[in-house]
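What follows is the content of coords_30.pdb, which has PDB, C-alpha atoms:
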```pdb
MODEL        1
ATOM      1  CA  LYS A   1      -6.968  50.625  23.837
ATOM      2  CA  ILE A   2      -4.148  52.574  25.411
ATOM      3  CA  THR A   3      -3.266  54.256  22.100
ATOM      4  CA  PHE A   4      -6.831  55.540  21.758
ATOM      5  CA  PHE A   5      -6.785  57.162  25.195
ATOM      6  CA  SER A   6      -3.358  58.631  24.482
ATOM      7  CA  ALA A   7      -4.657  60.165  21.264
ATOM      8  CA  MET A   8      -7.733  61.535  23.021
ATOM      9  CA  GLY A   9      -5.548  62.971  25.779
ATOM     10  CA  GLY A  10      -3.382  64.674  23.171
ATOM     11  CA  PHE A  11      -6.475  66.048  21.466
ATOM     12  CA  VAL A  12      -7.847  67.514  24.717
ATOM     13  CA  ILE A  13      -4.502  69.068  25.617
ATOM     14  CA  THR A  14      -4.205  70.558  22.120
ATOM     15  CA  MET A  15      -7.691  72.068  22.339
ATOM     16  CA  ILE A  16      -6.931  73.601  25.741
ATOM     17  CA  SER A  17      -3.668  75.037  24.425
ATOM     18  CA  LEU A  18      -5.389  76.521  21.367
ATOM     19  CA  SER A  19      -8.082  78.025  23.557
ATOM     20  CA  LEU A  20      -5.519  79.650  25.842
ATOM     21  CA  PHE A  21      -3.554  80.928  22.861
ATOM     22  CA  ALA A  22      -6.649  82.389  21.190
ATOM     23  CA  THR A  23      -7.662  84.070  24.451
ATOM     24  CA  LEU A  24      -4.347  85.439  25.720
ATOM     25  CA  CYS A  25      -2.781  86.694  22.474
ATOM     26  CA  PRO A  26      -5.405  89.389  21.777
ATOM     27  CA  PHE A  27      -5.395  90.176  25.490
ATOM     28  CA  VAL A  28      -6.059  93.896  25.193
ATOM     29  CA  ALA A  29      -8.913  93.414  22.748
ATOM     30  CA  THR A  30     -10.412  90.722  24.977
ATOM     31  CA  LEU A  31     -10.317  92.990  28.015
ATOM     32  CA  TYR A  32     -11.727  95.847  25.982
ATOM     33  CA  TYR A  33     -14.688  93.875  24.709
ATOM     34  CA  TYR A  34     -15.504  91.821  27.783
ATOM     35  CA  GLY A  35     -13.874  93.643  30.738
ATOM     36  CA  PRO A  36     -15.451  96.239  33.053
ATOM     37  CA  GLU A  37     -16.331  99.229  30.891
ATOM     38  CA  ALA A  38     -15.379 101.765  33.556
ATOM     39  CA  GLN A  39     -11.731 100.754  33.381
ATOM     40  CA  PHE A  40     -10.806  98.737  30.327
ATOM     41  CA  GLY A  41     -13.072 100.677  27.966
ATOM     42  CA  GLU A  42     -11.260 103.917  28.725
ATOM     43  CA  ILE A  43      -7.753 104.198  27.300
ATOM     44  CA  SER A  44      -5.850 107.431  27.930
ATOM     45  CA  CYS A  45      -4.371 108.864  24.754
ATOM     46  CA  PRO A  46      -2.492 112.213  24.531
ATOM     47  CA  ARG A  47      -3.892 114.727  22.012
ATOM     48  CA  ARG A  48      -3.123 118.196  20.764
ATOM     49  CA  CYS A  49      -5.591 121.058  20.971
ATOM     50  CA  CYS A  50      -5.228 123.651  18.228
ATOM     51  CA  SER A  51      -8.462 125.628  18.574
ATOM     52  CA  CYS A  52      -8.892 125.703  22.337
ATOM     53  CA  ASP A  53      -8.419 128.825  24.372
ATOM     54  CA  ARG A  54      -5.337 129.426  26.454
ATOM     55  CA  GLN A  55      -6.989 128.284  29.654
ATOM     56  CA  ARG A  56      -7.883 124.965  28.098
ATOM     57  CA  GLU A  57      -4.322 124.571  26.845
ATOM     58  CA  GLU A  58      -2.952 125.279  30.333
ATOM     59  CA  GLU A  59      -5.262 122.665  31.790
ATOM     60  CA  ILE A  60      -4.051 120.199  29.210
ATOM     61  CA  ALA A  61      -0.441 121.075  29.944
ATOM     62  CA  GLU A  62      -0.963 120.722  33.688
ATOM     63  CA  SER A  63      -2.703 117.407  33.334
ATOM     64  CA  ASN A  64       0.013 116.233  30.897
ATOM     65  CA  GLY A  65      -2.540 115.021  28.444
ATOM     66  CA  VAL A  66      -6.230 114.366  28.518
ATOM     67  CA  GLY A  67      -7.832 110.987  27.868
ATOM     68  CA  PHE A  68     -10.870 110.496  25.774
ATOM     69  CA  ASP A  69     -13.553 107.860  26.267
ATOM     70  CA  LEU A  70     -13.976 105.057  23.787
ATOM     71  CA  GLN A  71     -17.515 103.982  23.253
ATOM     72  CA  PRO A  72     -18.207 100.382  24.364
ATOM     73  CA  PRO A  73     -18.877  97.971  21.515
ATOM     74  CA  SER A  74     -22.444  97.308  20.588
ATOM     75  CA  ARG A  75     -24.249  94.081  21.409
ATOM     76  CA  LYS A  76     -24.131  93.105  17.743
ATOM     77  CA  THR A  77     -20.333  93.507  17.688
ATOM     78  CA  ARG A  78     -19.917  91.365  20.776
ATOM     79  CA  LEU A  79     -22.124  88.587  19.444
ATOM     80  CA  LEU A  80     -20.309  88.657  16.099
ATOM     81  CA  THR A  81     -16.928  88.417  17.829
ATOM     82  CA  LEU A  82     -18.137  85.518  19.952
ATOM     83  CA  ALA A  83     -19.558  83.710  16.915
ATOM     84  CA  ILE A  84     -16.272  84.083  15.019
ATOM     85  CA  SER A  85     -14.304  82.743  18.003
ATOM     86  CA  VAL A  86     -16.583  79.729  18.364
ATOM     87  CA  PHE A  87     -16.401  79.093  14.610
ATOM     88  CA  ILE A  88     -12.595  79.164  14.613
ATOM     89  CA  LEU A  89     -12.443  76.868  17.643
ATOM     90  CA  ALA A  90     -14.912  74.417  16.082
ATOM     91  CA  ILE A  91     -12.982  74.289  12.805
ATOM     92  CA  GLY A  92      -9.681  73.720  14.628
ATOM     93  CA  GLY A  93     -11.231  71.063  16.847
ATOM     94  CA  GLY A  94     -12.771  69.277  13.876
ATOM     95  CA  VAL A  95      -9.479  69.224  11.994
ATOM     96  CA  ARG A  96      -7.604  67.951  15.054
ATOM     97  CA  LEU A  97     -10.217  65.282  15.743
ATOM     98  CA  GLY A  98     -10.142  64.168  12.125
ATOM     99  CA  LEU A  99      -6.373  63.792  12.231
ATOM    100  CA  THR A 100      -6.629  61.849  15.499
ATOM    101  CA  CYS A 101      -9.256  59.431  14.194
ATOM    102  CA  SER A 102      -7.446  58.912  10.903
ATOM    103  CA  VAL A 103      -4.449  57.395  12.701
ATOM    104  CA  ARG A 104      -5.081  53.689  13.025
ATOM    105  CA  ASP A 105      -3.369  51.438  15.488
ATOM    106  CA  PRO A 106      -0.999  48.938  13.906
ATOM    107  CA  GLU A 107      -2.246  45.390  13.772
ATOM    108  CA  PRO A 108      -0.782  43.288  16.606
ATOM    109  CA  ASP A 109       1.779  40.689  15.659
ATOM    110  CA  CYS A 110      -0.034  37.472  16.595
ATOM    111  CA  PRO A 111       1.972  34.422  15.494
ATOM    112  CA  GLU A 112       0.238  31.356  14.182
ATOM    113  CA  MET A 113       0.027  28.741  16.933
ATOM    114  CA  SER A 114      -1.867  25.473  17.061
ATOM    115  CA  GLU A 115      -0.818  24.390  20.565
ATOM    116  CA  VAL A 116       0.473  26.030  23.701
ATOM    117  CA  GLU A 117       1.669  24.248  26.855
ATOM    118  CA  PHE A 118       1.849  25.417  30.454
ATOM    119  CA  THR A 119       3.939  22.986  32.501
ATOM    120  CA  PHE A 120       6.035  22.533  35.627
ATOM    121  CA  GLU A 121       9.427  21.002  34.894
ATOM    122  CA  GLU A 122      11.868  19.295  37.252
ATOM    123  CA  TYR A 123       9.994  20.433  40.347
ATOM    124  CA  THR A 124      10.771  18.643  43.618
ATOM    125  CA  ILE A 125       7.581  18.104  45.619
ATOM    126  CA  PRO A 126       8.083  18.893  49.323
ATOM    127  CA  GLY A 127       8.044  15.849  51.588
ATOM    128  CA  ASP A 128       7.203  17.681  54.800
ATOM    129  CA  GLU A 129       3.567  18.434  53.900
ATOM    130  CA  THR A 130       0.661  16.609  52.334
ATOM    131  CA  ASP A 131      -0.972  19.517  50.433
ATOM    132  CA  THR A 132       1.302  21.651  48.302
ATOM    133  CA  TYR A 133      -0.041  24.545  46.208
ATOM    134  CA  ARG A 134       2.477  25.999  43.789
ATOM    135  CA  CYS A 135       2.120  28.489  40.923
ATOM    136  CA  ARG A 136       4.263  29.416  37.985
ATOM    137  CA  GLY A 137       3.866  32.406  35.658
ATOM    138  CA  PHE A 138       3.864  32.266  31.846
ATOM    139  CA  ASP A 139       3.998  34.905  29.127
ATOM    140  CA  LYS A 140       3.229  32.832  26.038
ATOM    141  CA  ILE A 141       0.219  34.746  24.703
ATOM    142  CA  PRO A 142       0.992  38.235  23.299
ATOM    143  CA  PRO A 143      -1.029  40.793  25.321
ATOM    144  CA  ALA A 144      -2.811  42.284  22.289
ATOM    145  CA  CYS A 145      -3.736  38.910  20.782
ATOM    146  CA  THR A 146      -6.766  36.703  21.298
ATOM    147  CA  TYR A 147      -6.712  32.972  20.616
ATOM    148  CA  TYR A 148      -9.566  30.514  20.814
ATOM    149  CA  VAL A 149      -9.170  27.275  22.748
ATOM    150  CA  THR A 150     -10.790  24.277  21.087
ATOM    151  CA  GLU A 151      -9.373  21.505  23.310
ATOM    152  CA  VAL A 152      -7.591  21.139  26.656
ATOM    153  CA  SER A 153      -5.530  18.072  27.583
ATOM    154  CA  PRO A 154      -3.639  17.192  30.769
ATOM    155  CA  ILE A 155       0.087  16.451  30.771
ATOM    156  CA  ILE A 156       0.986  14.333  33.826
ATOM    157  CA  ASP A 157       4.349  12.794  34.600
ATOM    158  CA  ASP A 158       3.984   9.063  35.352
ATOM    159  CA  ASP A 159       6.169   9.368  38.467
ATOM    160  CA  VAL A 160       3.726  11.800  40.132
ATOM    161  CA  LYS A 161       0.374  10.800  38.669
ATOM    162  CA  ASP A 162      -0.737   9.541  42.083
ATOM    163  CA  VAL A 163      -0.124  12.917  43.785
ATOM    164  CA  VAL A 164      -1.245  15.469  41.161
ATOM    165  CA  HIS A 165      -4.690  16.506  42.413
ATOM    166  CA  HIS A 166      -5.685  19.419  40.166
ATOM    167  CA  MET A 167      -4.323  22.114  37.831
ATOM    168  CA  ILE A 168      -5.876  25.512  37.122
ATOM    169  CA  LEU A 169      -4.737  28.085  34.577
ATOM    170  CA  PHE A 170      -5.513  31.631  35.741
ATOM    171  CA  PRO A 171      -5.390  34.807  33.636
ATOM    172  CA  VAL A 172      -3.538  37.427  35.699
ATOM    173  CA  GLY A 173      -3.104  41.169  35.331
ATOM    174  CA  VAL A 174       0.524  41.372  36.473
ATOM    175  CA  GLU A 175       3.618  39.359  35.633
ATOM    176  CA  GLN A 176       4.229  36.396  37.940
ATOM    177  CA  SER A 177       7.477  34.616  38.689
ATOM    178  CA  THR A 178       8.460  31.793  36.346
ATOM    179  CA  CYS A 179       9.915  29.983  39.361
ATOM    180  CA  PRO A 180       7.299  27.997  41.330
ATOM    181  CA  PHE A 181       5.991  29.854  44.373
ATOM    182  CA  THR A 182       3.413  29.143  47.073
ATOM    183  CA  CYS A 183      -0.119  30.179  46.119
ATOM    184  CA  PHE A 184      -3.136  28.653  47.852
ATOM    185  CA  ASP A 185      -5.197  31.409  46.239
ATOM    186  CA  MET A 186      -4.451  33.753  43.354
ATOM    187  CA  PRO A 187      -5.389  37.345  44.306
ATOM    188  CA  GLU A 188      -4.290  38.726  40.928
ATOM    189  CA  ALA A 189      -6.519  36.302  38.979
ATOM    190  CA  ARG A 190      -8.973  37.777  36.473
ATOM    191  CA  GLY A 191     -10.955  34.556  36.190
ATOM    192  CA  VAL A 192     -10.191  30.992  35.099
ATOM    193  CA  ASP A 193      -9.016  30.010  31.630
ATOM    194  CA  PHE A 194      -9.382  26.265  32.125
ATOM    195  CA  GLY A 195      -8.418  23.511  34.517
ATOM    196  CA  TRP A 196      -8.147  19.815  35.239
ATOM    197  CA  ALA A 197      -8.833  17.610  38.273
ATOM    198  CA  VAL A 198      -8.515  13.940  39.126
ATOM    199  CA  GLY A 199     -10.826  11.847  36.980
ATOM    200  CA  MET A 200     -10.899  14.196  33.990
ATOM    201  CA  GLY A 201      -9.524  13.514  30.569
ATOM    202  CA  SER A 202      -9.238  15.824  27.590
ATOM    203  CA  VAL A 203     -12.028  18.333  26.973
ATOM    204  CA  ARG A 204     -12.885  19.229  23.377
ATOM    205  CA  TRP A 205     -15.578  21.736  22.535
ATOM    206  CA  PRO A 206     -18.160  20.955  19.841
ATOM    207  CA  ALA A 207     -17.529  22.259  16.328
ATOM    208  CA  GLY A 208     -18.153  25.985  16.020
ATOM    209  CA  MET A 209     -17.433  26.626  19.710
ATOM    210  CA  ALA A 210     -14.262  27.751  21.472
ATOM    211  CA  TYR A 211     -13.137  29.566  24.588
ATOM    212  CA  ALA A 212     -11.407  32.944  24.145
ATOM    213  CA  MET A 213      -8.010  33.381  25.779
ATOM    214  CA  GLY A 214      -5.867  36.498  25.590
ATOM    215  CA  GLY A 215      -5.283  39.990  26.917
ATOM    216  CA  TYR A 216      -3.624  38.708  30.100
ATOM    217  CA  ARG A 217      -0.633  36.693  31.200
ATOM    218  CA  GLN A 218      -1.231  33.195  32.567
ATOM    219  CA  THR A 219      -0.341  31.483  35.820
ATOM    220  CA  LEU A 220      -0.637  27.728  36.351
ATOM    221  CA  GLN A 221      -1.547  26.468  39.808
ATOM    222  CA  MET A 222      -0.608  22.900  40.735
ATOM    223  CA  HIS A 223      -2.004  21.075  43.744
ATOM    224  CA  TYR A 224       0.101  18.111  44.827
ATOM    225  CA  PHE A 225      -1.376  15.745  47.429
ATOM    226  CA  ASN A 226       1.692  13.988  48.818
ATOM    227  CA  TRP A 227      -0.413  11.569  50.820
ATOM    228  CA  ASP A 228       2.480   9.549  52.283
ATOM    229  CA  MET A 229       4.817  12.581  52.574
ATOM    230  CA  ARG A 230       7.496  10.812  50.594
ATOM    231  CA  GLU A 231      10.751  12.665  50.058
ATOM    232  CA  GLY A 232      12.393  13.003  46.657
ATOM    233  CA  ARG A 233       9.329  13.047  44.403
ATOM    234  CA  VAL A 234      10.196  15.063  41.285
ATOM    235  CA  ASP A 235       7.648  16.293  38.752
ATOM    236  CA  ARG A 236       9.562  16.030  35.501
ATOM    237  CA  ARG A 237       6.880  17.651  33.383
ATOM    238  CA  SER A 238       3.201  18.132  34.217
ATOM    239  CA  GLY A 239       0.682  20.755  33.199
ATOM    240  CA  LEU A 240      -1.934  21.603  30.587
ATOM    241  CA  ARG A 241      -1.882  21.588  26.803
ATOM    242  CA  ALA A 242      -4.335  23.777  24.852
ATOM    243  CA  SER A 243      -5.211  23.468  21.183
ATOM    244  CA  ILE A 244      -5.755  27.016  19.914
ATOM    245  CA  THR A 245      -6.561  28.944  16.759
ATOM    246  CA  LYS A 246      -6.675  32.603  15.737
ATOM    247  CA  GLU A 247      -9.911  32.099  13.813
ATOM    248  CA  LYS A 248     -12.925  33.273  15.779
ATOM    249  CA  PRO A 249     -15.609  30.558  16.000
ATOM    250  CA  ARG A 250     -19.310  31.020  15.481
ATOM    251  CA  ASN A 251     -19.915  30.792  19.229
ATOM    252  CA  VAL A 252     -17.442  32.064  21.839
ATOM    253  CA  LEU A 253     -17.812  30.336  25.208
ATOM    254  CA  THR A 254     -17.885  32.101  28.569
ATOM    255  CA  GLN A 255     -16.948  30.137  31.655
ATOM    256  CA  ILE A 256     -18.982  29.998  34.856
ATOM    257  CA  ASN A 257     -17.876  27.904  37.834
ATOM    258  CA  VAL A 258     -20.661  25.894  39.441
ATOM    259  CA  GLY A 259     -20.393  23.639  42.474
ATOM    260  CA  VAL A 260     -20.010  23.416  46.226
ATOM    261  CA  HIS A 261     -17.780  25.805  48.136
ATOM    262  CA  PRO A 262     -14.295  24.301  48.689
ATOM    263  CA  LEU A 263     -14.914  24.415  52.439
ATOM    264  CA  GLY A 264     -18.304  22.714  52.127
ATOM    265  CA  ASP A 265     -19.399  19.336  53.470
ATOM    266  CA  LEU A 266     -18.952  17.265  50.301
ATOM    267  CA  TYR A 267     -16.703  14.294  50.975
ATOM    268  CA  ILE A 268     -15.754  11.612  48.454
ATOM    269  CA  PRO A 269     -14.423   8.413  50.080
ATOM    270  CA  ALA A 270     -11.064   7.195  48.832
ATOM    271  CA  GLY A 271     -10.603   3.962  46.963
ATOM    272  CA  LEU A 272     -13.992   3.861  45.217
ATOM    273  CA  PRO A 273     -13.922   3.256  41.463
ATOM    274  CA  ASN A 274     -17.099   5.318  41.073
ATOM    275  CA  ALA A 275     -19.267   7.385  43.403
ATOM    276  CA  SER A 276     -22.384   9.489  42.727
ATOM    277  CA  PHE A 277     -23.595  12.449  44.784
ATOM    278  CA  HIS A 278     -26.587  14.694  44.232
ATOM    279  CA  LEU A 279     -26.097  18.456  44.633
ATOM    280  CA  ASP A 280     -28.424  21.353  43.863
ATOM    281  CA  CYS A 281     -26.992  24.531  42.358
ATOM    282  CA  ALA A 282     -29.124  27.153  40.574
ATOM    283  CA  PRO A 283     -27.055  29.820  38.778
ATOM    284  CA  ASP A 284     -28.901  32.934  37.637
ATOM    285  CA  LEU A 285     -28.693  32.863  33.826
ATOM    286  CA  ARG A 286     -30.473  35.546  31.773
ATOM    287  CA  GLY A 287     -31.651  35.015  28.236
ATOM    288  CA  PRO A 288     -31.312  31.930  26.053
ATOM    289  CA  VAL A 289     -28.198  30.037  27.148
ATOM    290  CA  THR A 290     -26.631  26.869  25.804
ATOM    291  CA  VAL A 291     -24.706  25.039  28.547
ATOM    292  CA  GLN A 292     -21.636  22.939  27.802
ATOM    293  CA  ALA A 293     -20.866  21.224  31.109
ATOM    294  CA  PHE A 294     -17.580  19.602  32.018
ATOM    295  CA  ALA A 295     -15.926  18.570  35.263
TER
ENDMDL
END
```
Please rewrite the model in this file as structure tokens.
Amino acid sequence: KITFFSAMGGFVITMISLSLFATLCPFVATLYYYGPEAQFGEISCPRRCCSCDRQREEEIAESNGVGFDLQPPSRKTRLLTLAISVFILAIGGGVRLGLTCSVRDPEPDCPEMSEVEFTFEEYTIPGDETDTYRCRGFDKIPPACTYYVTEVSPIIDDDVKDVVHHMILFPVGVEQSTCPFTCFDMPEARGVDFGWAVGMGSVRWPAGMAYAMGGYRQTLQMHYFNWDMREGRVDRRSGLRASITKEKPRNVLTQINVGVHPLGDLYIPAGLPNASFHLDCAPDLRGPVTVQAFA
């Protein structure tokens, strides 16, 4: 989740800041221990000479002080200093990580809902074209919530039932306009939640099965086939109704679309009460899979 990455980012920044602080504050000692011995290990300090001869005192006076060499630290001292630094950094990091992990994200506010509807309302179907693809955005599912769809039913206005061809509900990653807009395809789609086409009724999953929906906004695509290009057709209210629950079922369904490409050669003659066609499609499924087919 975003809060987790924010916490981890804060932890990393804190550790970097502590490391810089621990390194730069004792700057002189750090340079003394780990810098070039020829320069940083030799610190000039003035001293008085009480037992030297006069010549030595004059040399000291002329040189305005004489430095003395500090012995470089032993290997044991360096290793001990390094071990203490690592120990302090590890303790600080552990404490910071413990505080980060102890902060739990608040539970999302997911209201109880048994049904949710995605519909077009009072939409005038264009009369200057036969195929009209329109989309409308919805924000009915809270982003942090997951609901489980147990049944999907079509809602079709009687005045346009002869021109509504199909409806598809897409999960999308960005907010879409709530006013209908042209959309033959949906480039922002993250998959397909569910859909309906001519000839389908309601789809209800068997007990113990449901389709997960959540984490994204939704956009409903409507395809109107205005076959006689009649003017003035108005879709009062058409769309999809989903029965949902917050309770996770025993088996969560994953959707896979199977069929012929939309630009393929399949053609269904109009006016037939029933028609059968044989098509071969072999999806690559790994492991034991239970298929619940619908169309």
Distance query Phe225 (chain A) at most 6 Å, all atoms listed in the file, self and fewer than 3 positions along chain excluded, as a short mmCIF file (atom, residue, chain, number, x, y, z; two decimals) with C-alpha atoms, in the frame of the given file:
```cif
data_model
loop_
_atom_site.label_atom_id
_atom_site.label_comp_id
_atom_site.auth_asym_id
_atom_site.auth_seq_id
_atom_site.Cartn_x
_atom_site.Cartn_y
_atom_site.Cartn_z
CA THR A 130 0.66 16.61 52.33
CA ASP A 131 -0.97 19.52 50.43
CA VAL A 163 -0.12 12.92 43.78
#
```
Would you kindly translate the PyMOL selection byres ((chain A and resi 238) around 7) into the concrete residues it picks from this file, as a PyMOL selection string?
chain A and resi 119-121+155-157+235-237+239
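In this model, the gap between CA of Ser243 (chain A) and CA of Tyr148 (chain A) comes to 8.3 Å.
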Determine the residue membership of the PyMOL selection byres ((chain A and resi 133-146) around 10) for the file above and supply it as a PDB file with C-alpha atoms, keeping the file's coordinate frame.
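That gives us expr08.pdb:
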```
ATOM      1  CA  LYS A   1      -6.968  50.625  23.837  1.00  0.00           C
ATOM      2  CA  GLU A 107      -2.246  45.390  13.772  1.00  0.00           C
ATOM      3  CA  PRO A 108      -0.782  43.288  16.606  1.00  0.00           C
ATOM      4  CA  ASP A 109       1.779  40.689  15.659  1.00  0.00           C
ATOM      5  CA  CYS A 110      -0.034  37.472  16.595  1.00  0.00           C
ATOM      6  CA  PRO A 111       1.972  34.422  15.494  1.00  0.00           C
ATOM      7  CA  MET A 113       0.027  28.741  16.933  1.00  0.00           C
ATOM      8  CA  VAL A 116       0.473  26.030  23.701  1.00  0.00           C
ATOM      9  CA  GLU A 117       1.669  24.248  26.855  1.00  0.00           C
ATOM     10  CA  PHE A 118       1.849  25.417  30.454  1.00  0.00           C
ATOM     11  CA  THR A 119       3.939  22.986  32.501  1.00  0.00           C
ATOM     12  CA  PHE A 120       6.035  22.533  35.627  1.00  0.00           C
ATOM     13  CA  TYR A 123       9.994  20.433  40.347  1.00  0.00           C
ATOM     14  CA  ILE A 125       7.581  18.104  45.619  1.00  0.00           C
ATOM     15  CA  ASP A 131      -0.972  19.517  50.433  1.00  0.00           C
ATOM     16  CA  THR A 132       1.302  21.651  48.302  1.00  0.00           C
ATOM     17  CA  TYR A 147      -6.712  32.972  20.616  1.00  0.00           C
ATOM     18  CA  TYR A 148      -9.566  30.514  20.814  1.00  0.00           C
ATOM     19  CA  VAL A 149      -9.170  27.275  22.748  1.00  0.00           C
ATOM     20  CA  HIS A 166      -5.685  19.419  40.166  1.00  0.00           C
ATOM     21  CA  MET A 167      -4.323  22.114  37.831  1.00  0.00           C
ATOM     22  CA  ILE A 168      -5.876  25.512  37.122  1.00  0.00           C
ATOM     23  CA  LEU A 169      -4.737  28.085  34.577  1.00  0.00           C
ATOM     24  CA  PHE A 170      -5.513  31.631  35.741  1.00  0.00           C
ATOM     25  CA  PRO A 171      -5.390  34.807  33.636  1.00  0.00           C
ATOM     26  CA  VAL A 172      -3.538  37.427  35.699  1.00  0.00           C
ATOM     27  CA  VAL A 174       0.524  41.372  36.473  1.00  0.00           C
ATOM     28  CA  GLU A 175       3.618  39.359  35.633  1.00  0.00           C
ATOM     29  CA  GLN A 176       4.229  36.396  37.940  1.00  0.00           C
ATOM     30  CA  SER A 177       7.477  34.616  38.689  1.00  0.00           C
ATOM     31  CA  THR A 178       8.460  31.793  36.346  1.00  0.00           C
ATOM     32  CA  CYS A 179       9.915  29.983  39.361  1.00  0.00           C
ATOM     33  CA  PRO A 180       7.299  27.997  41.330  1.00  0.00           C
ATOM     34  CA  PHE A 181       5.991  29.854  44.373  1.00  0.00           C
ATOM     35  CA  THR A 182       3.413  29.143  47.073  1.00  0.00           C
ATOM     36  CA  CYS A 183      -0.119  30.179  46.119  1.00  0.00           C
ATOM     37  CA  PHE A 184      -3.136  28.653  47.852  1.00  0.00           C
ATOM     38  CA  ASP A 185      -5.197  31.409  46.239  1.00  0.00           C
ATOM     39  CA  MET A 186      -4.451  33.753  43.354  1.00  0.00           C
ATOM     40  CA  ALA A 212     -11.407  32.944  24.145  1.00  0.00           C
ATOM     41  CA  MET A 213      -8.010  33.381  25.779  1.00  0.00           C
ATOM     42  CA  GLY A 214      -5.867  36.498  25.590  1.00  0.00           C
ATOM     43  CA  GLY A 215      -5.283  39.990  26.917  1.00  0.00           C
ATOM     44  CA  TYR A 216      -3.624  38.708  30.100  1.00  0.00           C
ATOM     45  CA  ARG A 217      -0.633  36.693  31.200  1.00  0.00           C
ATOM     46  CA  GLN A 218      -1.231  33.195  32.567  1.00  0.00           C
ATOM     47  CA  THR A 219      -0.341  31.483  35.820  1.00  0.00           C
ATOM     48  CA  LEU A 220      -0.637  27.728  36.351  1.00  0.00           C
ATOM     49  CA  GLN A 221      -1.547  26.468  39.808  1.00  0.00           C
ATOM     50  CA  MET A 222      -0.608  22.900  40.735  1.00  0.00           C
ATOM     51  CA  HIS A 223      -2.004  21.075  43.744  1.00  0.00           C
ATOM     52  CA  TYR A 224       0.101  18.111  44.827  1.00  0.00           C
ATOM     53  CA  PHE A 225      -1.376  15.745  47.429  1.00  0.00           C
ATOM     54  CA  ILE A 244      -5.755  27.016  19.914  1.00  0.00           C
ATOM     55  CA  THR A 245      -6.561  28.944  16.759  1.00  0.00           C
ATOM     56  CA  LYS A 246      -6.675  32.603  15.737  1.00  0.00           C
ATOM     57  CA  GLU A 247      -9.911  32.099  13.813  1.00  0.00           C
ATOM     58  CA  LYS A 248     -12.925  33.273  15.779  1.00  0.00           C
TER      59      LYS A 248
END
```
Could you work out an axis-aligned bounding box for all listed atoms of region 172-177 of chain A, with 4 Å added on each of the six sides, and give its centre and edge lengths in Å to one decimal, as lines of an AutoDock Vina configuration file?
```
center_x = 2.0
center_y = 38.0
center_z = 37.0
size_x = 19.0
size_y = 14.8
size_z = 11.4
```
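For the pair CA of Pro154 (chain A) and CA of Asp280 (chain A), the separation is 28.3 Å.
For the pair CA of Ser153 (chain A) and CA of Glu122 (chain A), the separation is 19.9 Å.
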Which of these residues is nearest to Met15 (chain A), using all atoms listed in the file: A:Pro273, A:Gly201, A:Pro206, A:Gly92?
A:Gly92
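The nearest approach to Val160 (chain A) among the residues A:Arg230, A:Arg286, A:His278, A:Arg75, with all atoms listed in the file taken into account, belongs to A:Arg230.
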Need the neighbours of (-21.6, 22.8, 20.5): which residues are at most 10 Å away, counting only C-alpha atoms, as JSON, numbers by chain?
{"A": [204, 205, 206, 207, 208, 209, 210, 250, 251, 253, 290, 291, 292]}
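For the choices A:Phe194, A:Trp227, A:Tyr211, A:Phe21, the atom-to-atom distance to His165 (chain A) is smallest for A:Trp227 when using only C-alpha atoms.
Of the listed residues (A:Leu272, A:Val203, A:Leu18, A:Val152), A:Leu18 comes nearest to Leu89 (chain A); the distances count only C-alpha atoms.
Counting only C-alpha atoms and comparing A:Thr14, A:Asn226, A:Ser202, A:Thr150, the residue that lies closest to Pro249 (chain A) is A:Thr150.
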